[in-house]
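Shown next: entry.csv, containing CSV, C-alpha atoms and all ligand atoms.
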chain,number,residue,atom,x,y,z
X,247,MET,CA,7.9,-11.1,18.3
X,248,ALA,CA,9.6,-8.6,16.0
X,249,LEU,CA,6.8,-6.0,16.1
X,250,ASN,CA,5.7,-6.2,19.7
X,251,GLY,CA,4.8,-2.7,21.0
X,252,LYS,CA,4.6,-1.3,17.4
X,253,ILE,CA,1.5,0.5,16.2
X,254,ALA,CA,0.7,0.2,12.5
X,255,VAL,CA,-1.9,2.0,10.3
X,256,VAL,CA,-2.9,0.3,7.0
X,257,THR,CA,-5.1,1.9,4.4
X,258,GLY,CA,-7.3,-0.3,2.2
X,259,ALA,CA,-7.0,-2.8,5.0
X,260,ALA,CA,-10.4,-4.5,4.7
X,261,MET,CA,-9.8,-6.6,1.5
X,262,GLY,CA,-7.2,-8.1,-0.7
X,263,ILE,CA,-3.5,-7.2,-0.2
X,264,GLY,CA,-4.3,-4.8,2.6
X,265,LYS,CA,-6.0,-7.5,4.5
X,266,ALA,CA,-3.0,-9.8,4.1
X,267,ILE,CA,-0.6,-7.0,5.2
X,268,THR,CA,-2.8,-6.4,8.3
X,269,GLU,CA,-2.8,-10.1,9.2
X,270,ILE,CA,1.0,-10.5,8.9
X,271,LEU,CA,1.6,-7.4,11.0
X,272,VAL,CA,-0.8,-8.6,13.7
X,273,GLN,CA,0.7,-12.1,13.6
X,274,ASN,CA,4.2,-10.5,14.2
X,275,GLY,CA,3.1,-8.6,17.3
X,276,ALA,CA,1.9,-5.2,16.0
X,277,LYS,CA,-1.3,-3.5,16.9
X,278,VAL,CA,-3.0,-2.4,13.7
X,279,VAL,CA,-5.5,0.3,12.8
X,280,LEU,CA,-7.5,-0.7,9.8
X,281,LEU,CA,-8.6,2.2,7.5
X,282,ASP,CA,-11.1,1.5,4.7
X,283,VAL,CA,-14.3,2.7,3.1
X,284,ASN,CA,-15.7,-0.9,3.3
X,285,GLU,CA,-17.2,-0.8,6.8
X,286,THR,CA,-18.7,-4.3,6.7
X,287,ALA,CA,-15.5,-6.1,5.6
X,288,GLY,CA,-13.3,-3.8,7.9
X,289,LYS,CA,-15.3,-4.5,11.0
X,290,ALA,CA,-15.5,-8.2,10.3
X,291,LEU,CA,-11.7,-8.4,9.9
X,292,MET,CA,-11.2,-6.4,13.1
X,293,GLU,CA,-13.5,-8.8,15.0
X,294,THR,CA,-11.8,-11.9,13.6
X,295,LEU,CA,-8.3,-10.7,14.4
X,296,ASN,CA,-9.3,-9.5,17.9
X,297,LYS,CA,-10.8,-12.9,18.7
X,298,GLN,CA,-7.7,-14.6,17.5
X,299,HIS,CA,-5.0,-12.3,19.0
X,300,GLY,CA,-6.7,-10.3,21.8
X,301,GLN,CA,-9.4,-7.7,22.1
X,302,ASP,CA,-7.0,-4.7,21.9
X,303,ARG,CA,-5.0,-5.8,18.9
X,304,THR,CA,-6.8,-4.0,16.1
X,305,LEU,CA,-9.2,-1.1,15.5
X,306,PHE,CA,-11.3,-0.4,12.4
X,307,VAL,CA,-11.8,3.2,11.5
X,308,SER,CA,-14.0,4.1,8.5
X,309,CYS,CA,-11.8,6.4,6.4
X,310,ASN,CA,-11.8,7.5,2.8
X,311,VAL,CA,-8.2,8.3,1.9
X,312,GLU,CA,-9.5,11.0,-0.4
X,313,SER,CA,-10.7,13.0,2.7
X,314,GLU,CA,-8.1,15.1,4.6
X,315,GLN,CA,-10.6,15.4,7.4
X,316,GLN,CA,-11.2,11.7,7.8
X,317,ILE,CA,-7.5,10.9,7.7
X,318,LYS,CA,-6.8,13.5,10.4
X,319,ALA,CA,-9.5,12.0,12.5
X,320,ALA,CA,-8.1,8.5,11.9
X,321,PHE,CA,-4.6,9.4,13.1
X,322,GLN,CA,-6.2,11.2,16.1
X,323,LYS,CA,-8.2,8.1,17.0
X,324,THR,CA,-4.9,6.1,16.6
X,325,VAL,CA,-3.1,8.3,19.1
X,326,GLU,CA,-6.1,8.2,21.6
X,327,THR,CA,-6.4,4.4,21.4
X,328,PHE,CA,-2.8,3.2,21.0
X,329,GLY,CA,-0.6,6.2,21.8
X,330,GLY,CA,1.1,6.9,18.4
X,331,THR,CA,2.0,5.5,15.0
X,332,ASP,CA,5.3,3.6,14.1
X,333,ILE,CA,4.3,1.9,10.8
X,334,LEU,CA,2.2,3.2,7.9
X,335,CYS,CA,1.2,1.1,4.9
X,336,ASN,CA,-0.3,3.2,2.1
X,337,ASN,CA,-2.1,0.4,0.3
X,338,ALA,CA,-5.5,1.6,-0.7
X,339,GLY,CA,-5.8,1.7,-4.5
X,340,ILE,CA,-8.1,1.3,-7.4
X,341,LEU,CA,-7.9,0.5,-11.2
X,342,ASN,CA,-10.3,2.4,-13.4
X,343,GLU,CA,-9.2,3.9,-16.7
X,344,ASN,CA,-12.7,5.2,-17.3
X,345,GLU,CA,-12.7,7.2,-14.0
X,346,TRP,CA,-9.1,8.1,-14.5
X,347,GLU,CA,-9.1,11.2,-12.3
X,348,LYS,CA,-10.4,9.1,-9.4
X,349,THR,CA,-7.6,6.7,-10.1
X,350,VAL,CA,-5.1,9.5,-9.7
X,351,SER,CA,-6.9,10.8,-6.7
X,352,VAL,CA,-6.9,7.5,-4.7
X,353,ASN,CA,-3.6,5.9,-6.0
X,354,LEU,CA,-1.3,9.0,-5.9
X,355,LEU,CA,-2.9,12.1,-4.3
X,356,ALA,CA,-4.1,10.1,-1.3
X,357,VAL,CA,-0.7,8.5,-0.8
X,358,ILE,CA,0.8,12.0,-0.6
X,359,ARG,CA,-2.0,13.3,1.6
X,360,VAL,CA,-1.9,10.3,4.1
X,361,THR,CA,1.9,10.5,4.2
X,362,TYR,CA,2.0,14.2,5.0
X,363,LEU,CA,-0.6,13.8,7.8
X,364,ALA,CA,1.3,10.8,9.1
X,365,LEU,CA,4.6,12.7,9.2
X,366,GLU,CA,3.1,15.1,11.8
X,367,HIS,CA,2.7,12.1,14.1
X,368,MET,CA,5.7,10.0,13.1
X,369,SER,CA,8.5,12.4,12.4
X,370,LYS,CA,11.2,12.9,15.1
X,371,LEU,CA,11.2,16.6,14.0
X,372,THR,CA,7.6,17.0,15.4
X,373,GLY,CA,7.8,14.8,18.5
X,374,GLY,CA,7.1,11.5,16.9
X,375,ARG,CA,9.1,8.2,17.4
X,376,GLY,CA,10.1,7.8,13.8
X,377,GLY,CA,9.3,4.5,12.0
X,378,VAL,CA,8.7,3.1,8.6
X,379,ILE,CA,6.3,3.8,5.7
X,380,VAL,CA,5.6,1.1,3.1
X,381,ASN,CA,3.7,2.2,-0.1
X,382,THR,CA,2.0,-0.4,-2.3
X,383,ALA,CA,3.0,0.5,-5.8
X,384,SER,CA,3.1,-2.2,-8.5
X,385,LEU,CA,5.3,-3.7,-11.3
X,386,ALA,CA,3.3,-1.2,-13.3
X,387,GLY,CA,5.4,1.4,-11.4
X,388,ILE,CA,8.5,0.0,-13.0
X,389,GLY,CA,7.4,-0.9,-16.5
X,390,PRO,CA,4.2,-0.1,-18.5
X,391,LEU,CA,0.9,-1.8,-18.3
X,392,PRO,CA,-0.3,-0.7,-21.8
X,393,SER,CA,-4.1,-1.3,-21.1
X,394,CYS,CA,-3.8,1.0,-18.0
X,395,PRO,CA,-1.8,4.1,-18.7
X,396,VAL,CA,-3.2,6.2,-15.9
X,397,TYR,CA,-2.8,3.4,-13.4
X,398,THR,CA,0.8,3.0,-14.6
X,399,ALA,CA,1.4,6.7,-14.2
X,400,THR,CA,0.1,6.7,-10.6
X,401,LYS,CA,2.3,3.7,-9.6
X,402,HIS,CA,5.4,5.4,-11.2
X,403,GLY,CA,4.4,8.4,-9.1
X,404,VAL,CA,4.2,6.4,-5.9
X,405,ILE,CA,7.7,5.0,-6.5
X,406,GLY,CA,9.2,8.4,-7.2
X,407,PHE,CA,7.5,9.9,-4.2
X,408,THR,CA,8.7,7.1,-2.0
X,409,ARG,CA,12.3,7.4,-3.1
X,410,ALA,CA,12.4,11.2,-2.9
X,411,LEU,CA,11.0,11.1,0.7
X,412,ALA,CA,13.4,8.4,1.7
X,413,ALA,CA,16.3,10.7,0.7
X,414,ALA,CA,14.5,13.8,2.2
X,415,SER,CA,14.1,11.9,5.5
X,416,THR,CA,17.7,11.0,5.7
X,417,MET,CA,18.8,14.5,4.9
X,418,SER,CA,16.3,16.1,7.3
X,419,GLY,CA,16.3,13.7,10.3
X,420,TYR,CA,12.7,12.5,10.2
X,421,GLY,CA,13.8,9.1,11.5
X,422,ILE,CA,11.4,7.4,9.1
X,423,ARG,CA,12.3,4.9,6.4
X,424,PHE,CA,10.3,4.9,3.1
X,425,ASN,CA,10.0,1.9,0.8
X,426,ALA,CA,7.6,0.6,-1.9
X,427,ILE,CA,6.5,-2.9,-2.9
X,428,CYS,CA,5.9,-3.6,-6.6
X,429,PRO,CA,3.8,-6.7,-6.9
X,430,GLY,CA,2.8,-8.3,-10.2
X,431,PHE,CA,-0.8,-9.5,-10.7
X,432,ALA,CA,-2.4,-10.6,-7.4
X,433,GLN,CA,-5.6,-12.5,-6.9
X,434,THR,CA,-7.9,-9.8,-5.6
X,435,ASP,CA,-11.1,-8.0,-6.5
X,436,LEU,CA,-9.0,-5.3,-8.3
X,437,LEU,CA,-8.6,-7.8,-11.2
X,438,SER,CA,-12.4,-8.4,-11.6
X,439,ASN,CA,-14.7,-6.8,-14.2
X,440,MET,CA,-11.6,-5.7,-16.1
X,441,ASN,CA,-13.6,-5.0,-19.3
X,442,ASN,CA,-15.5,-2.3,-17.6
X,443,LYS,CA,-12.4,-0.7,-16.1
X,444,LEU,CA,-10.1,-0.4,-19.1
X,445,GLY,CA,-12.2,2.3,-20.8
X,446,ARG,CA,-10.7,3.4,-24.1
X,447,PHE,CA,-8.1,0.6,-23.8
X,448,SER,CA,-10.6,-2.2,-23.5
X,449,HIS,CA,-9.3,-3.5,-26.9
X,450,LEU,CA,-6.1,-4.4,-25.0
X,451,ALA,CA,-7.9,-6.7,-22.6
X,452,ASP,CA,-6.7,-9.9,-24.3
X,453,ALA,CA,-3.1,-8.7,-24.4
X,454,THR,CA,-3.4,-8.0,-20.7
X,455,THR,CA,-4.7,-11.5,-20.0
X,456,GLN,CA,-1.7,-12.9,-21.9
X,457,MET,CA,0.5,-10.8,-19.7
X,458,VAL,CA,-1.2,-12.3,-16.6
X,459,GLU,CA,-0.8,-15.8,-18.0
X,460,LYS,CA,2.9,-15.1,-18.7
X,461,LEU,CA,3.7,-13.5,-15.4
X,462,GLY,CA,1.4,-15.7,-13.2
X,463,ILE,CA,-0.7,-14.7,-10.3
X,464,LEU,CA,0.4,-14.1,-6.8
X,465,ASN,CA,-1.7,-14.9,-3.7
X,466,VAL,CA,-2.0,-12.0,-1.2
X,467,SER,CA,0.2,-13.7,1.4
X,468,GLU,CA,3.1,-13.7,-1.1
X,469,VAL,CA,2.7,-9.9,-1.3
X,470,ALA,CA,2.4,-9.4,2.5
X,471,ALA,CA,5.7,-11.3,3.4
X,472,PRO,CA,7.9,-8.7,1.6
X,473,VAL,CA,6.1,-5.9,3.4
X,474,LEU,CA,7.1,-7.5,6.7
X,475,GLU,CA,10.7,-7.7,5.4
X,476,LEU,CA,10.7,-3.9,4.6
X,477,VAL,CA,9.2,-3.1,7.9
X,478,THR,CA,11.7,-5.1,10.0
X,479,ASP,CA,14.9,-4.7,8.0
X,480,GLU,CA,16.2,-1.4,9.2
X,481,SER,CA,18.8,-1.2,6.4
X,482,LYS,CA,16.1,-0.7,3.8
X,483,ASN,CA,15.3,2.9,2.8
X,484,GLY,CA,14.2,4.1,-0.7
X,485,GLU,CA,13.8,0.6,-2.0
X,486,ALA,CA,11.3,-0.6,-4.6
X,487,PHE,CA,10.8,-4.3,-4.0
X,488,MET,CA,9.5,-6.3,-7.0
X,489,ILE,CA,7.4,-9.3,-6.2
X,490,PHE,CA,6.8,-12.1,-8.7
X,491,PRO,CA,5.3,-15.6,-8.2
X,492,LYS,CA,8.3,-17.6,-6.8
X,493,ALA,CA,10.7,-14.6,-6.9
X,494,LYS,CA,11.4,-11.2,-5.4
X,495,GLN,CA,14.1,-8.6,-6.2
X,496,TYR,CA,15.1,-5.1,-5.2
X,497,VAL,CA,15.1,-2.7,-8.2
X,498,THR,CA,18.6,-1.3,-9.1
X,499,PHE,CA,18.0,2.2,-10.3
X,500,PRO,CA,20.5,4.1,-12.3
X,501,LYS,CA,22.5,6.6,-10.2
X,502,VAL,CA,21.8,10.1,-11.5
X,503,SER,CA,22.5,12.1,-8.3
X,504,SER,CA,24.3,11.9,-5.0
X,505,SER,CA,21.1,11.8,-2.9
X,506,GLY,CA,19.1,8.9,-4.3
X,601,LIG,N1,-4.3,-7.0,-7.4
X,601,LIG,C1,-3.2,-6.7,-8.1
X,601,LIG,O1,-2.9,-7.4,-9.1
X,601,LIG,C2,-2.3,-5.7,-7.7
X,601,LIG,C3,-2.6,-4.7,-6.8
X,601,LIG,N2,-1.7,-3.7,-6.5
X,601,LIG,C4,-2.1,-2.6,-5.6
X,601,LIG,O2,-2.4,-3.2,-4.3
X,601,LIG,C5,-3.2,-2.3,-3.6
X,601,LIG,C6,-4.4,-3.0,-3.0
X,601,LIG,O3,-5.2,-3.5,-4.1
X,601,LIG,P1,-5.9,-4.9,-4.1
X,601,LIG,O4,-5.8,-5.5,-2.7
X,601,LIG,O5,-5.6,-5.7,-5.2
X,601,LIG,O6,-7.4,-4.4,-4.3
X,601,LIG,P2,-8.8,-4.7,-3.6
X,601,LIG,O7,-9.8,-4.0,-4.4
X,601,LIG,O8,-8.9,-6.1,-3.2
X,601,LIG,O9,-8.6,-3.9,-2.2
X,601,LIG,C7,-8.5,-2.5,-2.1
X,601,LIG,C8,-9.0,-2.1,-0.8
X,601,LIG,O10,-8.9,-0.6,-0.7
X,601,LIG,C9,-10.1,-0.1,-0.3
X,601,LIG,N3,-10.2,1.3,-0.8
X,601,LIG,C10,-10.5,1.6,-2.1
X,601,LIG,N4,-10.6,2.9,-2.2
X,601,LIG,C11,-10.4,3.5,-1.0
X,601,LIG,C12,-10.4,4.8,-0.5
X,601,LIG,N5,-10.7,5.8,-1.2
X,601,LIG,N6,-10.2,4.9,0.9
X,601,LIG,C13,-10.0,3.9,1.7
X,601,LIG,N7,-10.0,2.6,1.2
X,601,LIG,C14,-10.2,2.4,-0.1
X,601,LIG,C15,-11.2,-1.1,-0.8
X,601,LIG,O11,-12.4,-0.9,0.0
X,601,LIG,C16,-10.5,-2.4,-0.5
X,601,LIG,O12,-10.7,-2.9,0.8
X,601,LIG,C17,-3.6,-1.2,-4.6
X,601,LIG,O13,-2.8,0.0,-4.4
X,601,LIG,C18,-3.3,-1.8,-6.0
X,601,LIG,O14,-3.0,-0.8,-6.9
X,601,LIG,C19,-0.4,-3.7,-7.0
X,601,LIG,C20,0.0,-4.7,-7.8
X,601,LIG,C21,-0.9,-5.8,-8.2
X,602,LIG,C1,6.9,-4.6,-16.1
X,602,LIG,C2,5.6,-4.6,-16.9
X,602,LIG,C3,4.5,-4.2,-16.1
X,602,LIG,C4,3.6,-5.3,-15.7
X,602,LIG,C5,2.6,-5.0,-14.7
X,602,LIG,C6,2.3,-6.2,-14.0
X,602,LIG,C7,1.4,-6.3,-13.0
X,602,LIG,C8,0.6,-5.2,-12.4
X,602,LIG,C9,-0.5,-5.4,-11.8
X,602,LIG,C10,-1.3,-4.4,-11.2
X,602,LIG,O1,-0.7,-3.5,-10.6
X,602,LIG,C11,-2.7,-4.4,-11.1
X,602,LIG,C12,-3.3,-5.1,-12.2
X,602,LIG,C13,-3.9,-4.7,-13.3
X,602,LIG,C14,-4.6,-5.6,-14.0
X,602,LIG,C15,-5.1,-5.2,-15.3
X,602,LIG,C16,-5.7,-6.1,-16.0
X,602,LIG,C17,-5.9,-7.5,-15.5
X,602,LIG,C18,-6.6,-8.3,-16.4
X,602,LIG,C19,-7.0,-9.6,-15.7
X,602,LIG,C20,-7.4,-10.7,-16.6
X,602,LIG,O2,-7.4,-10.6,-17.8
X,602,LIG,O3,-7.7,-11.8,-16.1
Translate the structure described by the file into structure tokens.
Amino acid sequence: MALNGKIAVVTGAAMGIGKAITEILVQNGAKVVLLDVNETAGKALMETLNKQHGQDRTLFVSCNVESEQQIKAAFQKTVETFGGTDILCNNAGILNENEWEKTVSVNLLAVIRVTYLALEHMSKLTGGRGGVIVNTASLAGIGPLPSCPVYTATKHGVIGFTRALAAASTMSGYGIRFNAICPGFAQTDLLSNMNNKLGRFSHLADATTQMVEKLGILNVSEVAAPVLELVTDESKNGEAFMIFPKAKQYVTFPKVSSSG
């Protein structure tokens, strides 16, 4: 299988899109370390996958991506258990325009924090094997979701960070590819209780529901399949991969410098 012998770390792995990413990586031969704050769901997923695919195929580590110390410990545990990291999926994310600083913290600051700690293990410049990092952004990283300006800002930030690091990696010799997925609306808990999450933009809830009806809703396996494509296709670096129900497309960005 394509990912035999590869070790992946997935954040926000217990539920929703992260769970589907974890499943497709395991199904394609990888060993996967599941990081999440939801211990009950994370352990249950680990047990199910190990029963289906073999006892040493996954490991759940309780980890809040807002904590530098917990991330360091998680990568250490990954090295001790599986010997290194080849694939990182920065997927953990929240939507809460009321608690907007927490939204920035989890969706953007933590992606940067986890990536920098992962580089110490993955970069060829520091003794790593190289590999690939796939960040979960959103279509809201390409265009605006008016009811969620802070969420929109974090996802634009994730795409910018991904593309800049892709170019930095090529120029520096990290041996790591960096790509982002940009799904439309997907059927997960993130979409529930929206009225409580939109804060001062709750008056735009109906307009958002109309956007959902127009764009349609993805199931999580439709989001996970493009992640596998970005992990396995070694020609892909610095891509933002848009995922719609029944269609997917790489973003063509305007060329404004020689490096991007
Ligand atoms: N559901 C949707 O319509 C879309 C979601 N996304 C993005 O997909 C990613 C996953 O979201 P969903 O699966 O939809 O949400 P979800 O709520 O179903 O799953 C998120 C997972 O992340 C975990 N998590 C949250 N905060 C964490 C933290 N501080 N540390 C570690 N784990 C944490 C949760 O426990 C949960 O298991 C997010 O980055 C989200 O922004 C992108 C586009 C569309
Ligand atoms: C190009 C225009 C941007 C379109 C953004 C499209 C989808 C993005 C989805 C997400 O990243 C996460 C979802 C946010 C949901 C916000 C509200 C959902 C309301 C659900 C409902 O009314 O049923």
Within 8 Å of Val473 in chain X using all atoms listed in the file, minus same-chain residues under 5 positions, as an mmCIF file with C-alpha atoms, in the frame of the given file:
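Wrote it out as part_39.cif, contents follow:
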data_model
loop_
_atom_site.group_PDB
_atom_site.id
_atom_site.type_symbol
_atom_site.label_atom_id
_atom_site.label_comp_id
_atom_site.auth_asym_id
_atom_site.auth_seq_id
_atom_site.Cartn_x
_atom_site.Cartn_y
_atom_site.Cartn_z
ATOM 1 C CA ILE X 267 -0.600 -7.000 5.200
ATOM 2 C CA VAL X 380 5.600 1.100 3.100
ATOM 3 C CA ILE X 427 6.500 -2.900 -2.900
#
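With all atoms listed in the file as the atoms that count, the residue of X:Arg359, X:Lys501, X:Lys252, X:Lys401 with the shortest distance to ligand LIG 601 (chain X) is X:Lys401.
Environment of ligand LIG 602 (chain X), defined as every protein or nucleic acid residue with an atom within 6 Å of it and counting only C-alpha atoms and all ligand atoms, comprises Ser384, Leu385, Ala386, Ile388, Gly389, Pro390, Leu391, Gly430, Phe431, Leu437, Met440, Thr454 and Thr455 of chain X.
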Give me the residues of chain X that have any atom at most 7 Å from an atom of ligand LIG 601 (chain X); for each, the nearest atom pair and the distance in Å, rounded to one decimal. Use only C-alpha atoms and all ligand atoms, sort by chain and number, and format it as JSON lines.
{"residue": "X:Thr257", "atom": "CA", "partner": "X:LIG601", "partner_atom": "N7", "distance": 5.9}
{"residue": "X:Gly258", "atom": "CA", "partner": "X:LIG601", "partner_atom": "O10", "distance": 3.3}
{"residue": "X:Ala259", "atom": "CA", "partner": "X:LIG601", "partner_atom": "O12", "distance": 5.6}
{"residue": "X:Ala260", "atom": "CA", "partner": "X:LIG601", "partner_atom": "O12", "distance": 4.2}
{"residue": "X:Met261", "atom": "CA", "partner": "X:LIG601", "partner_atom": "O12", "distance": 3.9}
{"residue": "X:Gly262", "atom": "CA", "partner": "X:LIG601", "partner_atom": "O4", "distance": 3.6}
{"residue": "X:Ile263", "atom": "CA", "partner": "X:LIG601", "partner_atom": "O4", "distance": 3.8}
{"residue": "X:Gly264", "atom": "CA", "partner": "X:LIG601", "partner_atom": "O4", "distance": 5.6}
{"residue": "X:Leu281", "atom": "CA", "partner": "X:LIG601", "partner_atom": "C13", "distance": 6.2}
{"residue": "X:Asp282", "atom": "CA", "partner": "X:LIG601", "partner_atom": "N7", "distance": 3.8}
{"residue": "X:Val283", "atom": "CA", "partner": "X:LIG601", "partner_atom": "C13", "distance": 4.7}
{"residue": "X:Asn284", "atom": "CA", "partner": "X:LIG601", "partner_atom": "O11", "distance": 4.7}
{"residue": "X:Cys309", "atom": "CA", "partner": "X:LIG601", "partner_atom": "C13", "distance": 5.6}
{"residue": "X:Asn310", "atom": "CA", "partner": "X:LIG601", "partner_atom": "N6", "distance": 3.6}
{"residue": "X:Val311", "atom": "CA", "partner": "X:LIG601", "partner_atom": "N6", "distance": 4.1}
{"residue": "X:Glu312", "atom": "CA", "partner": "X:LIG601", "partner_atom": "N5", "distance": 5.4}
{"residue": "X:Asn337", "atom": "CA", "partner": "X:LIG601", "partner_atom": "O13", "distance": 4.8}
{"residue": "X:Ala338", "atom": "CA", "partner": "X:LIG601", "partner_atom": "O10", "distance": 4.0}
{"residue": "X:Gly339", "atom": "CA", "partner": "X:LIG601", "partner_atom": "O13", "distance": 3.4}
{"residue": "X:Ile340", "atom": "CA", "partner": "X:LIG601", "partner_atom": "O14", "distance": 5.5}
{"residue": "X:Leu341", "atom": "CA", "partner": "X:LIG601", "partner_atom": "O14", "distance": 6.6}
{"residue": "X:Val352", "atom": "CA", "partner": "X:LIG601", "partner_atom": "N5", "distance": 5.4}
{"residue": "X:Asn353", "atom": "CA", "partner": "X:LIG601", "partner_atom": "O13", "distance": 6.2}
{"residue": "X:Thr382", "atom": "CA", "partner": "X:LIG601", "partner_atom": "O13", "distance": 5.3}
{"residue": "X:Ala383", "atom": "CA", "partner": "X:LIG601", "partner_atom": "C19", "distance": 5.5}
{"residue": "X:Ser384", "atom": "CA", "partner": "X:LIG601", "partner_atom": "C20", "distance": 4.0}
{"residue": "X:Leu385", "atom": "CA", "partner": "X:LIG601", "partner_atom": "C20", "distance": 6.4}
{"residue": "X:Cys428", "atom": "CA", "partner": "X:LIG601", "partner_atom": "C20", "distance": 6.1}
{"residue": "X:Pro429", "atom": "CA", "partner": "X:LIG601", "partner_atom": "C20", "distance": 4.4}
{"residue": "X:Gly430", "atom": "CA", "partner": "X:LIG601", "partner_atom": "C21", "distance": 4.9}
{"residue": "X:Phe431", "atom": "CA", "partner": "X:LIG601", "partner_atom": "O1", "distance": 3.4}
{"residue": "X:Ala432", "atom": "CA", "partner": "X:LIG601", "partner_atom": "O1", "distance": 3.7}
{"residue": "X:Gln433", "atom": "CA", "partner": "X:LIG601", "partner_atom": "N1", "distance": 5.7}
{"residue": "X:Thr434", "atom": "CA", "partner": "X:LIG601", "partner_atom": "O8", "distance": 4.5}
{"residue": "X:Asp435", "atom": "CA", "partner": "X:LIG601", "partner_atom": "O8", "distance": 4.4}
{"residue": "X:Leu436", "atom": "CA", "partner": "X:LIG601", "partner_atom": "O7", "distance": 4.2}
{"residue": "X:Leu437", "atom": "CA", "partner": "X:LIG601", "partner_atom": "N1", "distance": 5.8}
Excluding same-chain residues fewer than 3 positions from Val307 in chain X, what lies within 10 Å of it counting only C-alpha atoms, as a list in words?
Thr257, Val279, Leu280, Leu281, Asp282, Val283, Asn284, Glu285, Gly288, Lys289, Met292, Thr304, Asn310, Gln316, Ile317, Ala319, Ala320, Phe321, Lys323 and Thr324 of chain X
Could you dump the residues just selected with C-alpha atoms as a PDB file, in the coordinates of the input?
ATOM      1  CA  THR X 257      -5.100   1.900   4.400  1.00  0.00           C
ATOM      2  CA  VAL X 279      -5.500   0.300  12.800  1.00  0.00           C
ATOM      3  CA  LEU X 280      -7.500  -0.700   9.800  1.00  0.00           C
ATOM      4  CA  LEU X 281      -8.600   2.200   7.500  1.00  0.00           C
ATOM      5  CA  ASP X 282     -11.100   1.500   4.700  1.00  0.00           C
ATOM      6  CA  VAL X 283     -14.300   2.700   3.100  1.00  0.00           C
ATOM      7  CA  ASN X 284     -15.700  -0.900   3.300  1.00  0.00           C
ATOM      8  CA  GLU X 285     -17.200  -0.800   6.800  1.00  0.00           C
ATOM      9  CA  GLY X 288     -13.300  -3.800   7.900  1.00  0.00           C
ATOM     10  CA  LYS X 289     -15.300  -4.500  11.000  1.00  0.00           C
ATOM     11  CA  MET X 292     -11.200  -6.400  13.100  1.00  0.00           C
ATOM     12  CA  THR X 304      -6.800  -4.000  16.100  1.00  0.00           C
ATOM     13  CA  ASN X 310     -11.800   7.500   2.800  1.00  0.00           C
ATOM     14  CA  GLN X 316     -11.200  11.700   7.800  1.00  0.00           C
ATOM     15  CA  ILE X 317      -7.500  10.900   7.700  1.00  0.00           C
ATOM     16  CA  ALA X 319      -9.500  12.000  12.500  1.00  0.00           C
ATOM     17  CA  ALA X 320      -8.100   8.500  11.900  1.00  0.00           C
ATOM     18  CA  PHE X 321      -4.600   9.400  13.100  1.00  0.00           C
ATOM     19  CA  LYS X 323      -8.200   8.100  17.000  1.00  0.00           C
ATOM     20  CA  THR X 324      -4.900   6.100  16.600  1.00  0.00           C
TER      21      THR X 324
END
Atomic distance CA of Leu305 in chain X - CA of Leu476 in chain X, expressed in Å with one decimal:
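These atoms are spaced 22.9 Å apart.
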With all atoms listed in the file as the atoms that count, which of X:Asn344, X:Ser415, X:Ser481, X:Gln456 lies nearest to Gly376 in chain X?
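Closest to Gly376 in chain X of all the choices is X:Ser415.
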CA of Phe487 in chain X to CA of Ala426 in chain X, distance in Å rounded to a single decimal:
6.2 Å
Using only C-alpha atoms, determine which residues lie at most 10 Å from Phe447 in chain X, disregarding the query and same-chain residues fewer than 4 positions distant; provide the list as a list in words.
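Surrounding residues, per the criterion: Glu343, Asn344, Pro392, Ser393, Cys394, Pro395, Asn441, Lys443 and Ala451 of chain X.
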In Å, rounded to a single decimal, give me how far CA of Thr286 in chain X is from CA of Gln301 in chain X.
18.3 Å
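For the set X:Ala493, X:Ala413, X:Ala290, X:Leu444, the residue with the smallest atom-to-atom gap to Trp346 in chain X is X:Leu444, counting all atoms listed in the file.
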Do you have, as CSV, the list of residues of range 376-470 of chain X lying at most 10 Å from range 347-351 of chain X, each with its nearest atom pair and that distance in Å to one decimal, counting all atoms listed in the file and ordered by chain then number?
residue,atom,partner,partner_atom,distance
X:Val396,CA,X:Val350,CA,7.3
X:Tyr397,CA,X:Thr349,CA,6.7
X:Ala399,CA,X:Val350,CA,8.4
X:Thr400,CA,X:Val350,CA,6.0
X:Lys401,CA,X:Val350,CA,9.4
X:Gly403,CA,X:Val350,CA,9.6
Which one of X:Leu355, X:Glu345, X:Tyr496, X:Asn336 sits closest to Asn442 in chain X if you count only C-alpha atoms?
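Using only C-alpha atoms, Asn442 in chain X sits closest to X:Glu345.
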Close residues, Leu295 in chain X itself excluded, 8 Å, all atoms listed in the file, min 3 positions apart in chain, as an NGL selection string:
:X and (269 or 272 or 291-292 or 298-300 or 303-304)
Go ahead and dump the residues you just picked, C-alpha atoms, as a short mmCIF file (atom, residue, chain, number, x, y, z; two decimals), in the frame of the given file.
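Resulting contents of again-v1.cif:
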data_model
loop_
_atom_site.label_atom_id
_atom_site.label_comp_id
_atom_site.auth_asym_id
_atom_site.auth_seq_id
_atom_site.Cartn_x
_atom_site.Cartn_y
_atom_site.Cartn_z
CA GLU X 269 -2.80 -10.10 9.20
CA VAL X 272 -0.80 -8.60 13.70
CA LEU X 291 -11.70 -8.40 9.90
CA MET X 292 -11.20 -6.40 13.10
CA GLN X 298 -7.70 -14.60 17.50
CA HIS X 299 -5.00 -12.30 19.00
CA GLY X 300 -6.70 -10.30 21.80
CA ARG X 303 -5.00 -5.80 18.90
CA THR X 304 -6.80 -4.00 16.10
#
